[in-house]
Amino acid sequence: LVTRCKYASYNLPSGSLGFPLIGQTISLLRALRKNTDYQWYQDRIKKYGPVSKMSVFGSPTVLLTGPAANRFAFCNPDLIFTQTKALNALVGVFFGEEAGPIREALATDFEALVKATLSIPVNIPFTKFNKGLSACWRIRKLLSRIAREREAALQQGRCSSTDDFFTYMIALRSEGTHLLTVEDIVDNAILLLTAGYETTSVLIIFLLRCLANESDILGNITEEQEEIARNKGPNEPLTWDDVSRMKYTWKVAMETLRTVPAIFGSFRTAIKDIEYQGYHIPKGWQIFTDQIVTHLDTNFFDEPRKFDPARFHNQSSIPPYCFLPFGGGPRMCPGNEFAKTGTLVAMHYLVRQFRWKLCCKEGYRKDPTPMPLLGLPIDLETRSPPGYAHS
Ligand code: HEM
């Protein structure tokens, strides 16, 4: 009623905002967990059309679907990059040589933090949001300590500005390049870790999962990687040039991201009243777009449920704003090349040295990142790469 009175002169999209605060959050989270989110969006589109209003993660939201909507969401200057209210409340690899022990100390807390990013932002004991807040507090405490130690070490000349993320950011501040405080730098570190933590590992997990059932594709990847290895000396590390030659392997990774996007959707907030296709979107409302809607659309991908990396042989045949694993526009993922390199290097060593079988055929859920229901138990066998002249 309040919304109806407040926006009486607006042409709001169809749909309902549901119960205050909760809205459709539980229903969407349930669909994500059951991996039926694609159907959930289709049901909404059928009922309300490609633009509809709802309320998720604590904010009134307009769901936009289709390539034109994706373009609008990613490129409109009146929409700012937002995370859900939960993530904003939670967040206000960078550790040089100590990476191992610090990563271990943080791993469990980051898992709790990522899980809490899509939750109802009400701090009630034992809820995901509450656990995420506690995890975030521990992460912040640990990172702040590290940042302060690095600051002191830098001042005493015990480390260099290129040692890690913190020393680099602190050195830039001393040069007057930015005015961020140590707390701001810690916040940025948390954001980078949240964005980069599970995404690449999800891609590698689902690559392994898909390849276990696709012996021909695995064979083609192995051939590409063996060819690269053949031209190298014993124990010679991979180079940028080698990675740029892993074209087929990357097509398989893109097909994995098309069928199982690591990030399920993108949120923006309208900084003023805006209009889309005749509908008004009030200032302060969220815009939400979901990658899977175009990734599985038969208008853009033939037999979209089929795992077929060959569809990326001719990438110009994919219409713009239909395939968006790394987002689009000015806020496209800045870690995409880093993720690509990490994934390709991991695949180089995995496919040449191992073969694997899935121990179970369970499905997967999104919580919010996709994860096989029972993890990914596999039978791993070592494989002898062909004996090259030098090995
Ligand atoms: C397969 C791996 C990855 C995928 C699929 C992925 C996907 C995405 C997507 C879709 C967005 C845009 C979200 C939006 O527009 O709402 C994004 C943003 C971002 N990603 Fe990634 N990402 C990956 C890896 C990484 C890594 C490794 C890092 C850093 C180490 C990273 C850092 C970021 C950051 C900082 C943003 C926010 C950019 C901004 O605020 O403008 N990502 N990522």
# chains A, B, ... in the order shown; residues from 1 in each chain; ligands from 1
call {"tool": "residues_around", "arguments": {"residues": "Thr82 in chain A", "least_positions_apart": "3", "cutoff": "8 Å", "atoms": "only C-alpha atoms", "output": "PyMOL selection string"}}
result
chain A and resi 267-269
call {"tool": "residues_around", "arguments": {"residues": "range 213-222 of chain A", "least_positions_apart": "3", "cutoff": "7 Å", "atoms": "only C-alpha atoms", "output": "list in words"}}
result
Cys210, Gln225, Glu226, Tyr248, Thr249, Val351 and Arg352 of chain A
call {"tool": "write_last_selection", "arguments": {"atoms": "C-alpha atoms", "output": "mmCIF file, in the first residue's frame"}}
result
data_model
loop_
_atom_site.group_PDB
_atom_site.id
_atom_site.type_symbol
_atom_site.label_atom_id
_atom_site.label_comp_id
_atom_site.auth_asym_id
_atom_site.auth_seq_id
_atom_site.Cartn_x
_atom_site.Cartn_y
_atom_site.Cartn_z
ATOM 1 C CA CYS A 210 32.257 -31.719 -17.127
ATOM 2 C CA GLN A 225 48.551 -28.954 -23.681
ATOM 3 C CA GLU A 226 50.954 -31.721 -24.788
ATOM 4 C CA TYR A 248 40.776 -24.634 -27.147
ATOM 5 C CA THR A 249 41.138 -25.133 -23.396
ATOM 6 C CA VAL A 351 45.202 -32.939 -17.837
ATOM 7 C CA ARG A 352 48.795 -33.934 -18.522
#
call {"tool": "residues_near_ligand", "arguments": {"ligand": "ligand 1", "cutoff": "7 Å", "atoms": "only C-alpha atoms and all ligand atoms", "output": "number ranges by chain"}}
result
A: 74, 81, 93, 191-193, 195-197, 199-200, 203, 257, 261-263, 265-267, 324-328, 331-336, 338-340
call {"tool": "write_last_selection", "arguments": {"atoms": "N, CA and C atoms", "output": "CSV table (one decimal), in the first residue's frame"}}
result
chain,number,residue,atom,x,y,z
A,74,PHE,N,24.4,-2.9,-17.4
A,74,PHE,CA,25.8,-2.8,-17.3
A,74,PHE,C,26.4,-1.4,-17.8
A,81,PHE,N,27.1,0.4,-9.3
A,81,PHE,CA,27.5,-0.9,-9.0
A,81,PHE,C,27.1,-1.1,-7.5
A,93,VAL,N,46.0,-12.1,-3.6
A,93,VAL,CA,46.0,-12.5,-2.9
A,93,VAL,C,47.3,-11.9,-2.9
A,191,LEU,N,37.1,-7.0,-0.3
A,191,LEU,CA,36.3,-7.1,-1.6
A,191,LEU,C,36.9,-7.9,-2.6
A,192,LEU,N,38.2,-7.7,-2.8
A,192,LEU,CA,39.0,-8.4,-3.9
A,192,LEU,C,39.0,-9.9,-3.5
A,193,LEU,N,39.2,-10.2,-2.2
A,193,LEU,CA,39.2,-11.6,-1.9
A,193,LEU,C,37.8,-12.3,-2.1
A,195,ALA,N,35.5,-11.3,-4.2
A,195,ALA,CA,35.2,-11.5,-5.7
A,195,ALA,C,36.1,-12.5,-6.3
A,196,GLY,N,37.3,-12.7,-5.8
A,196,GLY,CA,38.2,-13.6,-6.5
A,196,GLY,C,38.3,-15.0,-5.9
A,197,TYR,N,37.7,-15.1,-4.7
A,197,TYR,CA,38.0,-16.3,-3.9
A,197,TYR,C,37.4,-17.6,-4.5
A,199,THR,N,35.2,-17.8,-7.2
A,199,THR,CA,34.9,-17.8,-8.6
A,199,THR,C,35.8,-18.7,-9.5
A,200,THR,N,37.1,-18.5,-9.3
A,200,THR,CA,38.0,-19.3,-10.2
A,200,THR,C,38.0,-20.8,-9.7
A,203,LEU,N,35.0,-22.4,-11.3
A,203,LEU,CA,35.2,-22.7,-12.7
A,203,LEU,C,36.1,-24.0,-12.8
A,257,LEU,N,31.5,-21.9,-18.1
A,257,LEU,CA,30.9,-20.7,-17.5
A,257,LEU,C,29.6,-20.3,-18.1
A,261,PRO,N,27.4,-20.5,-14.7
A,261,PRO,CA,28.1,-19.2,-14.4
A,261,PRO,C,28.5,-19.2,-12.9
A,262,ALA,N,29.7,-18.7,-12.7
A,262,ALA,CA,30.3,-18.7,-11.3
A,262,ALA,C,29.5,-17.6,-10.5
A,263,ILE,N,29.1,-16.5,-11.1
A,263,ILE,CA,28.3,-15.5,-10.4
A,263,ILE,C,26.9,-15.5,-11.0
A,265,GLY,N,24.3,-13.5,-10.8
A,265,GLY,CA,23.6,-12.3,-11.3
A,265,GLY,C,24.3,-11.0,-10.9
A,266,SER,N,23.8,-9.9,-11.4
A,266,SER,CA,24.4,-8.6,-11.1
A,266,SER,C,23.4,-7.6,-10.6
A,267,PHE,N,23.8,-6.9,-9.6
A,267,PHE,CA,22.9,-5.9,-9.0
A,267,PHE,C,23.4,-4.5,-9.3
A,324,LEU,N,27.8,-13.4,-20.7
A,324,LEU,CA,28.4,-12.4,-19.8
A,324,LEU,C,29.0,-13.1,-18.5
A,325,PRO,N,29.8,-14.1,-18.6
A,325,PRO,CA,30.3,-14.7,-17.4
A,325,PRO,C,31.1,-13.7,-16.5
A,326,PHE,N,31.7,-12.7,-17.2
A,326,PHE,CA,32.5,-11.7,-16.4
A,326,PHE,C,31.8,-10.4,-16.4
A,327,GLY,N,30.5,-10.3,-16.6
A,327,GLY,CA,29.8,-9.1,-16.6
A,327,GLY,C,30.1,-8.3,-17.9
A,328,GLY,N,29.8,-7.0,-17.9
A,328,GLY,CA,30.0,-6.2,-19.1
A,328,GLY,C,30.1,-4.8,-18.8
A,331,ARG,N,32.2,-1.8,-15.6
A,331,ARG,CA,32.5,-2.5,-14.3
A,331,ARG,C,32.7,-4.0,-14.6
A,332,MET,N,33.0,-4.4,-15.8
A,332,MET,CA,33.3,-5.8,-16.1
A,332,MET,C,34.4,-6.3,-15.2
A,333,CYS,N,34.4,-7.6,-14.9
A,333,CYS,CA,35.4,-8.1,-13.9
A,333,CYS,C,36.8,-7.8,-14.2
A,334,PRO,N,37.5,-7.1,-13.3
A,334,PRO,CA,38.9,-6.7,-13.6
A,334,PRO,C,39.8,-7.9,-13.4
A,335,GLY,N,39.3,-9.0,-12.8
A,335,GLY,CA,40.1,-10.2,-12.5
A,335,GLY,C,40.1,-11.2,-13.6
A,336,ASN,N,39.4,-10.9,-14.7
A,336,ASN,CA,39.1,-11.9,-15.7
A,336,ASN,C,40.4,-12.6,-16.3
A,338,PHE,N,43.3,-12.6,-14.9
A,338,PHE,CA,44.0,-13.4,-13.8
A,338,PHE,C,43.3,-14.7,-13.6
A,339,ALA,N,42.0,-14.7,-13.7
A,339,ALA,CA,41.2,-16.0,-13.5
A,339,ALA,C,41.5,-16.9,-14.7
A,340,LYS,N,41.6,-16.3,-15.9
A,340,LYS,CA,41.9,-17.1,-17.1
A,340,LYS,C,43.2,-17.8,-17.0
call {"tool": "residues_around", "arguments": {"residues": "Lys272 in chain A", "least_positions_apart": "4", "cutoff": "7 Å", "atoms": "only C-alpha atoms", "output": "PyMOL selection string"}}
result
chain A and resi 78+282-283
call {"tool": "residues_around", "arguments": {"residues": "range 307-322 of chain A", "least_positions_apart": "4", "cutoff": "8 Å", "atoms": "only C-alpha atoms", "output": "NGL selection string"}}
result
:A and (66-68 or 70-71 or 251-252 or 254-256 or 259 or 291 or 294-295 or 300-301 or 328)
call {"tool": "write_last_selection", "arguments": {"atoms": "N, CA and C atoms", "output": "mmCIF file, in the first residue's frame"}}
result
data_model
loop_
_atom_site.group_PDB
_atom_site.id
_atom_site.type_symbol
_atom_site.label_atom_id
_atom_site.label_comp_id
_atom_site.auth_asym_id
_atom_site.auth_seq_id
_atom_site.Cartn_x
_atom_site.Cartn_y
_atom_site.Cartn_z
ATOM 1 N N GLY A 66 17.141 -10.409 -20.739
ATOM 2 C CA GLY A 66 17.409 -10.282 -22.174
ATOM 3 C C GLY A 66 18.629 -9.421 -22.447
ATOM 4 N N PRO A 67 19.194 -9.517 -23.678
ATOM 5 C CA PRO A 67 20.434 -8.795 -23.996
ATOM 6 C C PRO A 67 20.312 -7.278 -23.874
ATOM 7 N N ALA A 68 19.175 -6.698 -24.309
ATOM 8 C CA ALA A 68 19.029 -5.237 -24.233
ATOM 9 C C ALA A 68 19.027 -4.803 -22.762
ATOM 10 N N ASN A 70 20.495 -6.437 -20.325
ATOM 11 C CA ASN A 70 21.859 -6.582 -19.805
ATOM 12 C C ASN A 70 22.683 -5.350 -20.157
ATOM 13 N N ARG A 71 22.535 -4.901 -21.396
ATOM 14 C CA ARG A 71 23.298 -3.729 -21.832
ATOM 15 C C ARG A 71 22.918 -2.506 -20.983
ATOM 16 N N LYS A 251 38.162 -22.229 -24.606
ATOM 17 C CA LYS A 251 36.784 -22.357 -25.128
ATOM 18 C C LYS A 251 35.987 -23.320 -24.240
ATOM 19 N N VAL A 252 36.664 -24.377 -23.791
ATOM 20 C CA VAL A 252 35.964 -25.335 -22.917
ATOM 21 C C VAL A 252 35.617 -24.646 -21.588
ATOM 22 N N MET A 254 35.012 -21.474 -21.230
ATOM 23 C CA MET A 254 33.888 -20.546 -21.469
ATOM 24 C C MET A 254 32.563 -21.296 -21.549
ATOM 25 N N GLU A 255 32.600 -22.494 -22.171
ATOM 26 C CA GLU A 255 31.370 -23.287 -22.236
ATOM 27 C C GLU A 255 30.939 -23.702 -20.823
ATOM 28 N N THR A 256 31.942 -23.949 -19.972
ATOM 29 C CA THR A 256 31.623 -24.285 -18.575
ATOM 30 C C THR A 256 30.963 -23.079 -17.905
ATOM 31 N N THR A 259 27.320 -22.637 -19.105
ATOM 32 C CA THR A 259 26.317 -23.543 -18.538
ATOM 33 C C THR A 259 26.219 -23.410 -17.010
ATOM 34 N N GLN A 291 22.622 -13.909 -15.512
ATOM 35 C CA GLN A 291 23.307 -14.402 -16.707
ATOM 36 C C GLN A 291 22.633 -15.618 -17.336
ATOM 37 N N THR A 294 20.026 -15.505 -20.474
ATOM 38 C CA THR A 294 20.458 -15.461 -21.883
ATOM 39 C C THR A 294 21.367 -16.647 -22.225
ATOM 40 N N HIS A 295 22.135 -17.115 -21.236
ATOM 41 C CA HIS A 295 23.058 -18.227 -21.528
ATOM 42 C C HIS A 295 22.322 -19.495 -21.981
ATOM 43 N N PHE A 300 19.719 -17.593 -28.755
ATOM 44 C CA PHE A 300 21.128 -17.186 -28.874
ATOM 45 C C PHE A 300 22.087 -18.372 -28.927
ATOM 46 N N PHE A 301 21.677 -19.493 -28.362
ATOM 47 C CA PHE A 301 22.558 -20.669 -28.346
ATOM 48 C C PHE A 301 21.764 -21.895 -28.794
ATOM 49 N N GLY A 328 29.812 -7.022 -17.883
ATOM 50 C CA GLY A 328 30.026 -6.230 -19.095
ATOM 51 C C GLY A 328 30.109 -4.763 -18.752
#
call {"tool": "residues_around", "arguments": {"residues": "Ala229 in chain A", "least_positions_apart": "6", "cutoff": "10 Å", "atoms": "only C-alpha atoms", "output": "list in words"}}
result
Glu223, Asn235, Glu236, Pro237, Leu238, Asp242, His348, Tyr349, Arg352, Pro385 and Tyr388 of chain A
call {"tool": "write_last_selection", "arguments": {"atoms": "C-alpha atoms", "output": "PDB file, in the first residue's frame"}}
result
ATOM      1  CA  GLU A 223      46.532 -32.662 -27.186  1.00  0.00           C
ATOM      2  CA  ASN A 235      60.889 -27.993 -15.788  1.00  0.00           C
ATOM      3  CA  GLU A 236      60.722 -24.829 -17.887  1.00  0.00           C
ATOM      4  CA  PRO A 237      57.831 -22.750 -16.526  1.00  0.00           C
ATOM      5  CA  LEU A 238      54.892 -21.731 -18.665  1.00  0.00           C
ATOM      6  CA  ASP A 242      52.181 -20.524 -23.851  1.00  0.00           C
ATOM      7  CA  HIS A 348      47.867 -27.641 -18.146  1.00  0.00           C
ATOM      8  CA  TYR A 349      49.216 -29.634 -15.185  1.00  0.00           C
ATOM      9  CA  ARG A 352      48.795 -33.934 -18.522  1.00  0.00           C
ATOM     10  CA  PRO A 385      52.715 -37.799 -20.112  1.00  0.00           C
ATOM     11  CA  TYR A 388      59.558 -36.174 -24.807  1.00  0.00           C
TER      12      TYR A 388
END
call {"tool": "residues_around", "arguments": {"residues": "Thr36 in chain A", "least_positions_apart": "5", "cutoff": "12 Å", "atoms": "only C-alpha atoms", "output": "number ranges by chain"}}
result
A: 27-31, 41-43, 292-293, 363-366
